[in-house]
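One file, coords.pdb, carrying PDB, C-alpha atoms:
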```pdb
MODEL        1
ATOM      1  CA  MET P  27      68.232   2.129  11.904
ATOM      2  CA  LYS P  28      71.441   3.209  10.155
ATOM      3  CA  GLU P  29      72.792  -0.350  10.195
ATOM      4  CA  PHE P  30      69.513  -1.611   8.709
ATOM      5  CA  LEU P  31      69.609   1.017   5.981
ATOM      6  CA  LEU P  32      73.153   0.089   4.980
ATOM      7  CA  PHE P  33      72.312  -3.619   4.976
ATOM      8  CA  ARG P  34      69.224  -2.995   2.873
ATOM      9  CA  LEU P  35      71.214  -1.030   0.289
ATOM     10  CA  VAL P  36      74.115  -3.450   0.094
ATOM     11  CA  SER P  37      71.871  -6.497  -0.082
ATOM     12  CA  ASN P  38      69.682  -5.169  -2.900
ATOM     13  CA  GLN P  39      71.389  -6.952  -5.775
ATOM     14  CA  ASN P  40      68.812  -5.769  -8.321
ATOM     15  CA  VAL P  41      69.912  -2.210  -7.562
ATOM     16  CA  LEU P  42      73.638  -2.886  -7.454
ATOM     17  CA  GLU P  43      73.540  -4.843 -10.686
ATOM     18  CA  ALA P  44      71.436  -2.287 -12.538
ATOM     19  CA  LYS P  45      72.347  -2.392 -16.193
ATOM     20  CA  GLN P  46      72.741   0.588 -18.475
ATOM     21  CA  GLU P  47      70.546   0.083 -21.516
ATOM     22  CA  ILE P  48      72.020   1.032 -24.875
ATOM     23  CA  VAL P  49      69.676   2.163 -27.652
ATOM     24  CA  TYR P  50      70.947   2.874 -31.161
ATOM     25  CA  GLY P  51      69.560   3.886 -34.519
ATOM     26  CA  ARG P  52      67.789   7.086 -35.487
ATOM     27  CA  GLN P  53      64.163   6.078 -34.962
ATOM     28  CA  PRO P  54      64.758   3.994 -31.803
ATOM     29  CA  VAL P  55      66.512   6.943 -30.156
ATOM     30  CA  LEU P  56      63.654   9.286 -31.060
ATOM     31  CA  GLU P  57      61.209   6.790 -29.558
ATOM     32  CA  LEU P  58      63.377   6.552 -26.433
ATOM     33  CA  PHE P  59      62.798  10.269 -25.770
ATOM     34  CA  SER P  60      59.064   9.691 -25.397
ATOM     35  CA  SER P  61      59.362   6.385 -23.513
ATOM     36  CA  GLY P  62      59.726   7.973 -20.082
ATOM     37  CA  LYS P  63      63.121   6.342 -19.539
ATOM     38  CA  GLN P  64      65.900   8.555 -18.203
ATOM     39  CA  ILE P  65      68.788   9.100 -20.632
ATOM     40  CA  ASP P  66      72.292   9.559 -19.260
ATOM     41  CA  LYS P  67      73.977  10.713 -22.479
ATOM     42  CA  ILE P  68      73.907  10.490 -26.256
ATOM     43  CA  TRP P  69      76.812   9.791 -28.573
ATOM     44  CA  ILE P  70      76.560  10.940 -32.166
ATOM     45  CA  ASP P  71      78.896  10.631 -35.111
ATOM     46  CA  ARG P  72      81.001  13.783 -35.064
ATOM     47  CA  LYS P  73      80.418  14.146 -38.807
ATOM     48  CA  MET P  74      76.624  14.009 -38.508
ATOM     49  CA  SER P  75      74.712  17.050 -39.759
ATOM     50  CA  GLY P  76      71.322  17.880 -41.205
ATOM     51  CA  GLU P  77      67.733  18.020 -39.968
ATOM     52  CA  TYR P  78      67.936  14.912 -37.791
ATOM     53  CA  GLU P  79      71.054  16.161 -36.007
ATOM     54  CA  ILE P  80      69.370  19.527 -35.373
ATOM     55  CA  GLU P  81      66.264  17.802 -34.002
ATOM     56  CA  ILE P  82      68.311  15.596 -31.672
ATOM     57  CA  ARG P  83      70.296  18.542 -30.339
ATOM     58  CA  LYS P  84      67.119  20.513 -29.642
ATOM     59  CA  ILE P  85      65.419  17.662 -27.785
ATOM     60  CA  ALA P  86      68.576  16.873 -25.806
ATOM     61  CA  ARG P  87      69.011  20.543 -24.856
ATOM     62  CA  ASP P  88      65.417  20.788 -23.660
ATOM     63  CA  LYS P  89      65.777  17.591 -21.627
ATOM     64  CA  LEU P  90      69.266  18.484 -20.297
ATOM     65  CA  ILE P  91      70.840  15.398 -21.866
ATOM     66  CA  PRO P  92      74.552  15.678 -22.735
ATOM     67  CA  ILE P  93      75.509  15.049 -26.358
ATOM     68  CA  VAL P  94      79.034  13.849 -27.121
ATOM     69  CA  ARG P  95      80.404  13.897 -30.659
ATOM     70  CA  VAL P  96      82.628  10.878 -31.194
ATOM     71  CA  PRO P  97      84.438   9.145 -34.083
ATOM     72  CA  VAL P  98      82.247   6.631 -35.875
ATOM     73  CA  PHE P  99      84.449   3.709 -34.780
ATOM     74  CA  LYS P 100      83.512   4.360 -31.140
ATOM     75  CA  LEU P 101      79.846   3.994 -31.991
ATOM     76  CA  SER P 102      80.526   0.711 -33.800
ATOM     77  CA  LYS P 103      82.669  -0.562 -30.928
ATOM     78  CA  VAL P 104      80.112   0.098 -28.194
ATOM     79  CA  ILE P 105      77.396  -1.935 -29.953
ATOM     80  CA  ASN P 106      79.705  -4.393 -31.736
ATOM     81  CA  ASN P 107      78.368  -3.558 -35.190
ATOM     82  CA  ASP P 108      77.974  -0.664 -37.625
ATOM     83  CA  LYS P 109      74.160  -0.416 -37.817
ATOM     84  CA  HIS P 110      73.930   2.473 -35.379
ATOM     85  CA  GLN P 111      73.105   5.120 -38.057
ATOM     86  CA  GLY P 112      75.454   7.517 -36.297
ATOM     87  CA  ILE P 113      73.707   7.673 -32.899
ATOM     88  CA  VAL P 114      73.777   5.711 -29.621
ATOM     89  CA  ALA P 115      71.890   6.599 -26.407
ATOM     90  CA  PHE P 116      72.695   5.362 -22.897
ATOM     91  CA  THR P 117      69.951   5.144 -20.279
ATOM     92  CA  THR P 118      70.270   5.484 -16.491
ATOM     93  CA  PRO P 119      68.179   3.820 -13.753
ATOM     94  CA  VAL P 120      67.983   7.110 -11.841
ATOM     95  CA  SER P 121      64.937   9.364 -12.253
ATOM     96  CA  TYR P 122      66.038  12.992 -12.351
ATOM     97  CA  LEU P 123      63.915  15.670 -10.697
ATOM     98  CA  GLU P 124      63.493  19.201 -11.987
ATOM     99  CA  ILE P 125      65.505  21.538  -9.760
ATOM    100  CA  ASP P 126      62.365  23.403  -8.617
ATOM    101  CA  THR P 127      60.789  20.093  -7.618
ATOM    102  CA  LEU P 128      63.922  19.008  -5.756
ATOM    103  CA  ILE P 129      64.027  22.241  -3.750
ATOM    104  CA  LYS P 130      60.305  22.085  -2.984
ATOM    105  CA  LYS P 131      60.435  18.466  -1.836
ATOM    106  CA  ALA P 132      63.532  19.138   0.275
ATOM    107  CA  LEU P 133      61.826  21.991   2.133
ATOM    108  CA  GLU P 134      58.742  19.842   2.629
ATOM    109  CA  SER P 135      60.856  17.040   4.094
ATOM    110  CA  SER P 136      62.579  19.094   6.810
ATOM    111  CA  ASP P 137      63.018  22.544   8.332
ATOM    112  CA  ASN P 138      66.730  22.377   7.586
ATOM    113  CA  PRO P 139      67.408  20.053   4.621
ATOM    114  CA  THR P 140      70.861  19.613   3.136
ATOM    115  CA  ILE P 141      71.564  19.212  -0.580
ATOM    116  CA  LEU P 142      74.969  18.584  -2.149
ATOM    117  CA  LEU P 143      75.917  20.327  -5.401
ATOM    118  CA  LEU P 144      78.784  18.732  -7.326
ATOM    119  CA  ASP P 145      80.879  21.026  -9.487
ATOM    120  CA  ARG P 146      82.985  19.181 -12.084
ATOM    121  CA  VAL P 147      83.143  15.886 -10.157
ATOM    122  CA  THR P 148      83.765  13.482 -13.027
ATOM    123  CA  ASP P 149      84.857  10.222 -11.380
ATOM    124  CA  VAL P 150      82.001   7.715 -11.025
ATOM    125  CA  ARG P 151      83.508   6.120  -7.920
ATOM    126  CA  ASN P 152      83.718   9.496  -6.213
ATOM    127  CA  LEU P 153      80.118  10.181  -7.177
ATOM    128  CA  GLY P 154      79.076   6.856  -5.705
ATOM    129  CA  ALA P 155      81.013   7.355  -2.468
ATOM    130  CA  ILE P 156      79.689  10.911  -2.059
ATOM    131  CA  SER P 157      76.086   9.795  -2.431
ATOM    132  CA  ARG P 158      76.633   6.951   0.035
ATOM    133  CA  SER P 159      77.969   9.332   2.708
ATOM    134  CA  ALA P 160      75.296  11.904   1.883
ATOM    135  CA  LEU P 161      72.458   9.419   2.395
ATOM    136  CA  TRP P 162      74.032   7.975   5.554
ATOM    137  CA  PHE P 163      74.309  11.402   7.188
ATOM    138  CA  GLY P 164      70.851  12.528   6.145
ATOM    139  CA  ALA P 165      71.328  14.721   3.057
ATOM    140  CA  PHE P 166      68.143  15.059   1.032
ATOM    141  CA  GLY P 167      69.577  14.974  -2.490
ATOM    142  CA  LEU P 168      72.236  15.735  -5.065
ATOM    143  CA  VAL P 169      72.559  18.234  -7.911
ATOM    144  CA  ILE P 170      74.898  17.506 -10.826
ATOM    145  CA  PRO P 171      75.619  19.501 -13.987
ATOM    146  CA  MET P 172      74.768  18.324 -17.481
ATOM    147  CA  LYS P 173      78.396  18.601 -18.613
ATOM    148  CA  ASN P 174      81.680  17.814 -16.851
ATOM    149  CA  ALA P 175      79.991  15.378 -14.486
ATOM    150  CA  ALA P 176      80.322  11.705 -13.679
ATOM    151  CA  PRO P 177      77.631   9.591 -15.345
ATOM    152  CA  ILE P 178      75.112   7.849 -13.122
ATOM    153  CA  ASN P 179      75.672   4.389 -14.503
ATOM    154  CA  ALA P 180      75.934   0.870 -13.088
ATOM    155  CA  GLU P 181      79.452   1.498 -11.747
ATOM    156  CA  ALA P 182      78.389   4.658  -9.920
ATOM    157  CA  ILE P 183      75.374   2.903  -8.410
ATOM    158  CA  LYS P 184      77.510  -0.026  -7.285
ATOM    159  CA  SER P 185      80.057   2.362  -5.729
ATOM    160  CA  SER P 186      77.211   4.054  -3.867
ATOM    161  CA  ALA P 187      75.962   0.715  -2.440
ATOM    162  CA  GLY P 188      72.647   1.577  -4.072
ATOM    163  CA  ALA P 189      72.348   4.995  -2.429
ATOM    164  CA  LEU P 190      72.018   6.763  -5.780
ATOM    165  CA  VAL P 191      68.677   5.160  -6.512
ATOM    166  CA  HIS P 192      67.371   6.032  -3.054
ATOM    167  CA  MET P 193      68.306   9.715  -3.177
ATOM    168  CA  PRO P 194      66.669  12.453  -5.287
ATOM    169  CA  VAL P 195      68.988  13.737  -8.014
ATOM    170  CA  SER P 196      68.591  16.797 -10.211
ATOM    171  CA  ARG P 197      70.603  17.415 -13.375
ATOM    172  CA  VAL P 198      70.982  21.081 -14.334
ATOM    173  CA  SER P 199      72.561  23.027 -17.163
ATOM    174  CA  SER P 200      75.001  24.709 -14.768
ATOM    175  CA  ILE P 201      75.658  24.595 -11.020
ATOM    176  CA  MET P 202      76.372  28.324 -11.006
ATOM    177  CA  HIS P 203      72.975  29.079 -12.518
ATOM    178  CA  VAL P 204      71.068  27.316  -9.716
ATOM    179  CA  VAL P 205      72.839  29.031  -6.807
ATOM    180  CA  ASP P 206      70.380  31.937  -7.052
ATOM    181  CA  GLN P 207      67.442  29.525  -6.983
ATOM    182  CA  PHE P 208      68.627  27.974  -3.749
ATOM    183  CA  GLN P 209      69.238  31.358  -2.161
ATOM    184  CA  LYS P 210      65.818  32.682  -3.185
ATOM    185  CA  ALA P 211      64.264  29.555  -1.657
ATOM    186  CA  GLY P 212      65.928  30.322   1.682
ATOM    187  CA  PHE P 213      68.991  28.081   1.449
ATOM    188  CA  LYS P 214      72.459  29.100   2.561
ATOM    189  CA  VAL P 215      74.951  28.136  -0.134
ATOM    190  CA  TYR P 216      78.376  27.128   1.204
ATOM    191  CA  SER P 217      81.319  26.272  -1.067
ATOM    192  CA  SER P 218      84.411  24.256  -0.258
ATOM    193  CA  SER P 219      87.634  26.172  -0.899
ATOM    194  CA  LEU P 220      91.294  25.638   0.008
ATOM    195  CA  LYS P 221      91.648  29.423   0.231
ATOM    196  CA  ALA P 222      88.892  29.862   2.806
ATOM    197  CA  GLU P 223      89.733  31.134   6.282
ATOM    198  CA  LYS P 224      86.613  29.788   7.970
ATOM    199  CA  LEU P 225      86.530  26.117   9.001
ATOM    200  CA  CYS P 226      83.558  23.919   8.146
ATOM    201  CA  ALA P 227      82.686  23.596  11.859
ATOM    202  CA  GLU P 228      82.225  27.380  12.071
ATOM    203  CA  LEU P 229      79.347  27.395   9.605
ATOM    204  CA  ASN P 230      75.699  27.118  10.597
ATOM    205  CA  PHE P 231      74.192  23.961   9.089
ATOM    206  CA  ARG P 232      71.002  24.154  11.155
ATOM    207  CA  VAL P 233      69.281  25.995   8.296
ATOM    208  CA  PRO P 234      68.378  24.878   4.740
ATOM    209  CA  THR P 235      71.819  24.331   3.242
ATOM    210  CA  ALA P 236      73.291  23.719  -0.209
ATOM    211  CA  ILE P 237      76.926  22.598  -0.062
ATOM    212  CA  VAL P 238      79.053  22.889  -3.204
ATOM    213  CA  LEU P 239      81.941  20.448  -3.648
ATOM    214  CA  GLY P 240      84.464  20.449  -6.477
ATOM    215  CA  SER P 241      86.941  17.956  -7.860
ATOM    216  CA  GLU P 242      90.486  17.610  -6.503
ATOM    217  CA  GLU P 243      91.878  18.909  -9.776
ATOM    218  CA  HIS P 244      89.722  22.006 -10.199
ATOM    219  CA  GLY P 245      87.915  22.623  -6.929
ATOM    220  CA  VAL P 246      84.790  24.764  -6.901
ATOM    221  CA  SER P 247      84.855  27.454  -9.587
ATOM    222  CA  ARG P 248      85.667  30.994  -8.516
ATOM    223  CA  GLU P 249      82.368  32.211  -9.939
ATOM    224  CA  ILE P 250      80.387  29.856  -7.713
ATOM    225  CA  ILE P 251      82.467  30.748  -4.644
ATOM    226  CA  ALA P 252      81.827  34.433  -5.335
ATOM    227  CA  LYS P 253      78.063  33.845  -5.469
ATOM    228  CA  SER P 254      78.002  31.641  -2.356
ATOM    229  CA  ASP P 255      76.950  32.910   1.066
ATOM    230  CA  ASP P 256      80.221  31.632   2.524
ATOM    231  CA  HIS P 257      83.069  29.246   1.822
ATOM    232  CA  PHE P 258      84.936  26.939   4.137
ATOM    233  CA  LEU P 259      88.035  24.823   4.672
ATOM    234  CA  ILE P 260      88.441  21.369   6.172
ATOM    235  CA  PRO P 261      91.331  21.582   8.682
ATOM    236  CA  GLY P 262      94.280  19.234   8.284
ATOM    237  CA  SER P 263      98.068  18.890   8.363
ATOM    238  CA  ASN P 264      98.547  20.499   4.926
ATOM    239  CA  GLN P 265     101.097  17.825   4.006
ATOM    240  CA  ILE P 266      99.204  17.237   0.762
ATOM    241  CA  ASP P 267      97.373  19.654  -1.514
ATOM    242  CA  SER P 268      93.836  18.454  -0.889
ATOM    243  CA  LEU P 269      91.546  15.661   0.221
ATOM    244  CA  ASN P 270      89.715  13.324  -2.094
ATOM    245  CA  VAL P 271      86.319  14.902  -2.769
ATOM    246  CA  ALA P 272      84.453  11.832  -1.512
ATOM    247  CA  VAL P 273      86.407  11.947   1.760
ATOM    248  CA  SER P 274      85.678  15.668   2.038
ATOM    249  CA  ALA P 275      81.968  15.001   1.536
ATOM    250  CA  GLY P 276      81.980  12.456   4.350
ATOM    251  CA  ILE P 277      83.707  14.846   6.755
ATOM    252  CA  ILE P 278      81.406  17.740   5.922
ATOM    253  CA  MET P 279      78.261  15.651   6.144
ATOM    254  CA  TYR P 280      79.382  14.334   9.534
ATOM    255  CA  GLU P 281      79.642  17.930  10.748
ATOM    256  CA  VAL P 282      76.197  18.680   9.302
ATOM    257  CA  TYR P 283      74.750  15.608  11.004
ATOM    258  CA  ASN P 284      76.283  16.542  14.378
ATOM    259  CA  GLN P 285      74.988  20.112  14.236
ATOM    260  CA  LYS P 286      71.476  19.028  13.350
ATOM    261  CA  LYS P 287      71.551  16.308  15.966
TER
ENDMDL
END
```

Show me, as structure tokens, the structure contained in the file I just sent.
Amino acid sequence: MKEFLLFRLVSNQNVLEAKQEIVYGRQPVLELFSSGKQIDKIWIDRKMSGEYEIEIRKIARDKLIPIVRVPVFKLSKVINNDKHQGIVAFTTPVSYLEIDTLIKKALESSDNPTILLLDRVTDVRNLGAISRSALWFGAFGLVIPMKNAAPINAEAIKSSAGALVHMPVSRVSSIMHVVDQFQKAGFKVYSSSLKAEKLCAELNFRVPTAIVLGSEEHGVSREIIAKSDDHFLIPGSNQIDSLNVAVSAGIIMYEVYNQKK
């Protein structure tokens, strides 16, 4: 079954070659909001101001879409002309779920679902590799923050061997702000930390579990670790500072899979 799943994902060229649509111009971007398509991010001219800019910021905030202010030449470069009117939107082939919906569906799917929360993981290849391991070892879904997160674009989907379009994903304003929601729903929230004394194998993954992983550079924030039910360490030789976050995800998910099995 696992071999079939991997073959199916790798062989789905329509998924792996998913293109990121670029929409530009003031009215086309407004129409994109109501089209039902998922928007990865919006670039606006850093000098833009006025009623339109206020409207865009409000809609993007309500829909949890990151806005990046950039120099006007970057807008012109990405579409190869200057008729962008100061705004460019990038779509994503992934359909984001509201966090409440993700939690509800996870609990409906299993007595002990696992969800990965990514704190400041900004590399698209890491995001892809994490989702691939997560799906292989039976995780239900992923949660990523609106800011300081890798975009779910064609490169991320290719790195995931298509796993990203087969796994529920929720985008939230802040990972720290959803920890309480998971705990109230009955999840144990475990955070990875190099300062932890408990090893990952000592944790109980046979319950609804949310696992927080951070980047190699920053790790999981201290605020999230403080709010977590426990934090853990992956044992090793300590000859380097840390593991790549995608490698860490694979090791942790293997432990989760073994415990549940």

Apply the PyMOL selection byres ((chain P and resi 254-257) around 8) to the displayed file and report the matching residues as a CSV table (one decimal) with C-alpha atoms, in the coordinates of the input.
```csv
chain,number,residue,atom,x,y,z
P,205,VAL,CA,72.8,29.0,-6.8
P,214,LYS,CA,72.5,29.1,2.6
P,215,VAL,CA,75.0,28.1,-0.1
P,216,TYR,CA,78.4,27.1,1.2
P,217,SER,CA,81.3,26.3,-1.1
P,218,SER,CA,84.4,24.3,-0.3
P,219,SER,CA,87.6,26.2,-0.9
P,222,ALA,CA,88.9,29.9,2.8
P,224,LYS,CA,86.6,29.8,8.0
P,250,ILE,CA,80.4,29.9,-7.7
P,251,ILE,CA,82.5,30.7,-4.6
P,252,ALA,CA,81.8,34.4,-5.3
P,253,LYS,CA,78.1,33.8,-5.5
P,258,PHE,CA,84.9,26.9,4.1
P,259,LEU,CA,88.0,24.8,4.7
```

*List the neighbours of Asn270 of chain P out to 7 Å using only C-alpha atoms; skip same-chain residues closer than 3 positions along the sequence, and give me the result as a ChimeraX atom specification.*
/P:242,273-274

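The space separating atom CA of Asn230 of chain P from atom CA of Gln285 of chain P comes to 7.9 Å.
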
_Residue contacts of His244 of chain P (12 Å, only C-alpha atoms) excluding same-chain residues fewer than 4 positions away, as a ChimeraX atom specification_ = /P:144-148,174,218-220,239-240,248,267-268,270-271

*asked:* Please list as a PyMOL selection string every residue within 10 Å of Phe208 of chain P, counting all atoms listed in the file and excluding residues in the same chain fewer than 3 positions away.
replied: chain P and resi 125-126+129+141+203-205+211-215+234-236

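The smallest atom-to-atom distance between Ser241 of chain P and any of P:Leu225, P:Ala176, P:Val195, P:Ile183, using all atoms listed in the file, is found for P:Ala176.
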
_I need the residue nearest Asp71 of chain P from this list: P:Pro119, P:Gly51, P:Gly188, P:Pro97. Use only C-alpha atoms for the distance._
P:Pro97

*Give as a ChimeraX atom specification every residue, naming chains and numbers as the document does, that has an atom within 7 Å of (74.7, 22.4, -15.1), counting all atoms listed in the file.*
/P:170-173,197-201

*If you measure from atom CA of Val233 of chain P to atom CA of Gln207 of chain P, what distance in Å do you get, rounded to one decimal?*
15.8 Å

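Comparing the minimum interatomic distances between Asp137 of chain P and each of P:Arg232, P:Pro92, P:Ile82, P:Glu77, counting all atoms listed in the file, we find that P:Arg232 sits nearest.
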
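In terms of minimum interatomic distance to Gly154 of chain P, P:Glu181 ranks closest within P:Glu47, P:Glu181, P:Asp108, P:Asp206, counting only C-alpha atoms.
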
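Here atom CA of Pro139 of chain P stands at a distance of 22.2 Å from atom CA of Asn152 of chain P.
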